[in-house]
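Novice: Can you keep this structure in mind? I'll have questions shortly.
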Amino acid sequence: SICLYTYLPNDLIAIEIAHRCSLIRSVIEVWGEGTEVNEVVKDLNNNINSLIMPLFPSDLSYNNKSWKATFRRLGRGTKFDNDDKRITLDYFKDSLSHILGPVDMSDKCNYELIYLEDWYSYQLDLRNNSTNNKPSKCYFGRVIANGLNIQTLYSLKDRPYIGSTTMNEFLSHIAISVSNLSANDVVFDPYAGTGSILIAAAYLNCFIIGSDIDIDSLGLLTNHSSN
């Protein structure tokens, strides 16, 4: 399965894990699950009093705690279009009526709720000429933390200078993550090149020092020439 279960003591631990991991898409607190949307709704309604109401108290609207609902398919290759979203959201209309806060579809909302479909066997079904066109599992829950968008965070195309040996942004982040570094640790890269390792270390609040024999790699020449 593309989705894995884990048990974490609190949200802060989940956020810290997502903050360091490039291979995690999201950490989600599961409120309801099933093999189809009707089963998810039934399970969700059974959990309203224990999971939803403590998070969204009856005076939520007065506290101005905003929320939004998002939709995601994993392993299918197609996204929810507007019609898919409207139809799916209609299933959860009664369940979501317990949430009184304002809807805010921006990234600044207080809570992100998600309906997620896991299609991990979809490609295998296609190769076996299977006619099964259903997700393996469906989930509804609260997004505690989203994983890093490495391509945006360390975007190569936005750097003032890259060389032919500049390390891929994913590889540099993974290399730093497995080094078990903590904030305020010192990272020295004697072969810094264009700084991919140092940029990844700086994101983890490390002190960084770099050197390289090639002055052009360090971007110190305005015309990027080695003359």
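Chain labels follow the order of the structure tokens: the first chain is A, the next B, and so on; residue numbering restarts at 1 in every chain, and ligands are counted from 1 in their shown order.
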If we count only C-alpha atoms and set the cut-off at 8 Å, which residues sit around Ile114 of chain A, ignoring sequence neighbours fewer than 4 positions away in its own chain? Please answer as an mmCIF file with C-alpha atoms, in the first residue's frame.
Specialist:
```
data_model
loop_
_atom_site.group_PDB
_atom_site.id
_atom_site.type_symbol
_atom_site.label_atom_id
_atom_site.label_comp_id
_atom_site.auth_asym_id
_atom_site.auth_seq_id
_atom_site.Cartn_x
_atom_site.Cartn_y
_atom_site.Cartn_z
ATOM 1 C CA ALA A 69 -11.406 20.093 2.469
ATOM 2 C CA THR A 70 -8.976 18.716 -0.100
ATOM 3 C CA PHE A 71 -9.024 15.623 -2.295
ATOM 4 C CA ARG A 72 -6.184 13.366 -3.390
ATOM 5 C CA TYR A 139 -9.657 7.590 3.974
ATOM 6 C CA PHE A 140 -10.974 10.799 5.495
ATOM 7 C CA GLY A 141 -9.106 12.697 8.140
ATOM 8 C CA ARG A 142 -7.173 15.710 9.350
ATOM 9 C CA VAL A 143 -3.839 16.651 7.822
#
```
Novice: Give me every strand (DSSP E or B) residue in segment 37-225 of chain A, going by DSSP on the backbone, as a PyMOL selection string.
Specialist: chain A and resi 67-74+103+111-118+137-146+186-189+207-210
Novice: Give one line per residue of segment 148-216 of chain A that approaches segment 24-46 of chain A to at most 12 Å, naming the two atoms of the closest pair and their distance in Å to one decimal, counting only C-alpha atoms; sort by chain then ascending residue number and deliver it as JSON lines.
Specialist:
```
{"residue": "A:Leu148", "atom": "CA", "partner": "A:Arg25", "partner_atom": "CA", "distance": 7.6}
{"residue": "A:Asn149", "atom": "CA", "partner": "A:Arg25", "partner_atom": "CA", "distance": 8.7}
{"residue": "A:Ile150", "atom": "CA", "partner": "A:Arg25", "partner_atom": "CA", "distance": 11.0}
{"residue": "A:Ile174", "atom": "CA", "partner": "A:Ile24", "partner_atom": "CA", "distance": 11.9}
```
Novice: Export, as a PDB file, in the first residue's frame, the selected residues with N, CA, C and O atoms.
Specialist:
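Just written: part.pdb:
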```
ATOM      1  N   LEU A 148       7.819  17.855   2.863  1.00  0.00           N
ATOM      2  CA  LEU A 148       8.526  18.936   2.193  1.00  0.00           C
ATOM      3  C   LEU A 148       8.310  18.891   0.694  1.00  0.00           C
ATOM      4  O   LEU A 148       8.325  17.823   0.088  1.00  0.00           O
ATOM      5  N   ASN A 149       8.122  20.067   0.119  1.00  0.00           N
ATOM      6  CA  ASN A 149       8.129  20.184  -1.333  1.00  0.00           C
ATOM      7  C   ASN A 149       9.556  20.530  -1.744  1.00  0.00           C
ATOM      8  O   ASN A 149       9.914  21.694  -1.879  1.00  0.00           O
ATOM      9  N   ILE A 150      10.368  19.493  -1.906  1.00  0.00           N
ATOM     10  CA  ILE A 150      11.799  19.690  -2.107  1.00  0.00           C
ATOM     11  C   ILE A 150      12.087  20.503  -3.360  1.00  0.00           C
ATOM     12  O   ILE A 150      12.969  21.366  -3.378  1.00  0.00           O
ATOM     13  N   ILE A 174      18.137  14.138   1.241  1.00  0.00           N
ATOM     14  CA  ILE A 174      18.209  12.801   1.835  1.00  0.00           C
ATOM     15  C   ILE A 174      19.557  12.582   2.499  1.00  0.00           C
ATOM     16  O   ILE A 174      19.656  12.035   3.608  1.00  0.00           O
TER      17      ILE A 174
END
```
Novice: Show which residues sit within 10 Å of Lys134 of chain A, as a tab-separated table (two decimals) with N, CA and C atoms, in the first residue's frame. Count only C-alpha atoms, and ignore same-chain residues fewer than 3 positions away.
Specialist:
```tsv
chain	number	residue	atom	x	y	z
A	35	THR	N	-13.46	0.78	1.96
A	35	THR	CA	-13.09	0.45	0.59
A	35	THR	C	-13.85	1.30	-0.42
A	36	GLU	N	-14.82	2.05	0.04
A	36	GLU	CA	-15.54	2.99	-0.81
A	36	GLU	C	-16.05	4.14	0.05
A	117	GLU	N	-7.77	8.65	-1.65
A	117	GLU	CA	-7.96	7.34	-2.25
A	117	GLU	C	-6.60	6.71	-2.55
A	118	ASP	N	-6.41	5.48	-2.10
A	118	ASP	CA	-5.16	4.75	-2.31
A	118	ASP	C	-5.37	3.74	-3.46
A	119	TRP	N	-4.75	4.01	-4.60
A	119	TRP	CA	-4.87	3.17	-5.79
A	119	TRP	C	-3.57	2.39	-6.02
A	121	SER	N	-2.72	-0.63	-6.24
A	121	SER	CA	-2.74	-1.80	-7.13
A	121	SER	C	-3.24	-1.48	-8.54
A	122	TYR	N	-3.44	-0.20	-8.82
A	122	TYR	CA	-4.05	0.18	-10.10
A	122	TYR	C	-3.19	-0.23	-11.29
A	131	THR	N	-10.48	-5.68	-14.64
A	131	THR	CA	-11.55	-4.69	-14.84
A	131	THR	C	-11.89	-3.95	-13.55
A	137	LYS	N	-8.20	1.45	-0.94
A	137	LYS	CA	-8.67	1.94	0.35
A	137	LYS	C	-8.97	3.42	0.23
A	138	CYS	N	-9.95	3.87	0.99
A	138	CYS	CA	-10.31	5.29	1.02
A	138	CYS	C	-10.23	5.78	2.47
```
Novice: Can you list, as a VMD selection string, every protein, DNA or RNA residue that comes within 12 Å of segment 7-22 of chain A when you count only C-alpha atoms, leaving out same-chain residues fewer than 6 positions away?
Specialist: chain A and resid 28 to 30 142 to 154 169 to 183 200 to 201 203 to 205
Novice: Measuring between only C-alpha atoms, which one of A:Thr88, A:Ile199, A:Trp67, A:Leu74 shows the shortest distance to Val103 of chain A?
Specialist: A:Trp67
Novice: So the first atom is atom CA of Asn129 of chain A and the second is atom CA of Gly75 of chain A; what is the distance between them in Å, to one decimal place?
Specialist: 16.8 Å
Novice: Write down as an MDAnalysis selection string the residues belonging to segment 1-223 of chain A that are assigned helix (DSSP H, G or I) by DSSP computed on the backbone.
Specialist: chainID A and resid 11:20 37:46 48:55 60:63 82:91 93:96 122:127 150:153 169:177 196:203
Novice: So that I can see what lies close to Ile213 of chain A, please list as a list in words the residues with an atom at most 9 Å from it, counting only C-alpha atoms and leaving out residues fewer than 6 positions away in the same chain.
Specialist: Pro190, Tyr191 and Gly193 of chain A
Novice: Generate a file of the selected residues that holds N, CA and C atoms, formatted as a PDB file, in the first residue's frame.
Specialist:
```
ATOM      1  N   PRO A 190      34.042  20.330   2.327  1.00  0.00           N
ATOM      2  CA  PRO A 190      35.264  20.819   1.684  1.00  0.00           C
ATOM      3  C   PRO A 190      35.196  20.816   0.160  1.00  0.00           C
ATOM      4  N   TYR A 191      34.206  20.123  -0.373  1.00  0.00           N
ATOM      5  CA  TYR A 191      34.007  20.083  -1.827  1.00  0.00           C
ATOM      6  C   TYR A 191      32.599  20.595  -2.133  1.00  0.00           C
ATOM      7  N   GLY A 193      31.191  22.738  -4.103  1.00  0.00           N
ATOM      8  CA  GLY A 193      30.628  22.961  -5.429  1.00  0.00           C
ATOM      9  C   GLY A 193      29.657  24.129  -5.408  1.00  0.00           C
TER      10      GLY A 193
END
```
Novice: Rounded to one decimal, what separation in Å do you get between atom CA of Asp185 of chain A and atom CA of Ser211 of chain A?
Specialist: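 According to the coordinates, atom CA of Asp185 of chain A and atom CA of Ser211 of chain A are separated by 17.6 Å.
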Novice: Rounded to one decimal in Å, what is the spacing between atom CA of Asn168 of chain A and atom CA of Leu198 of chain A?
Specialist: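 Computed distance, atom CA of Asn168 of chain A to atom CA of Leu198 of chain A, equals 12.6 Å.
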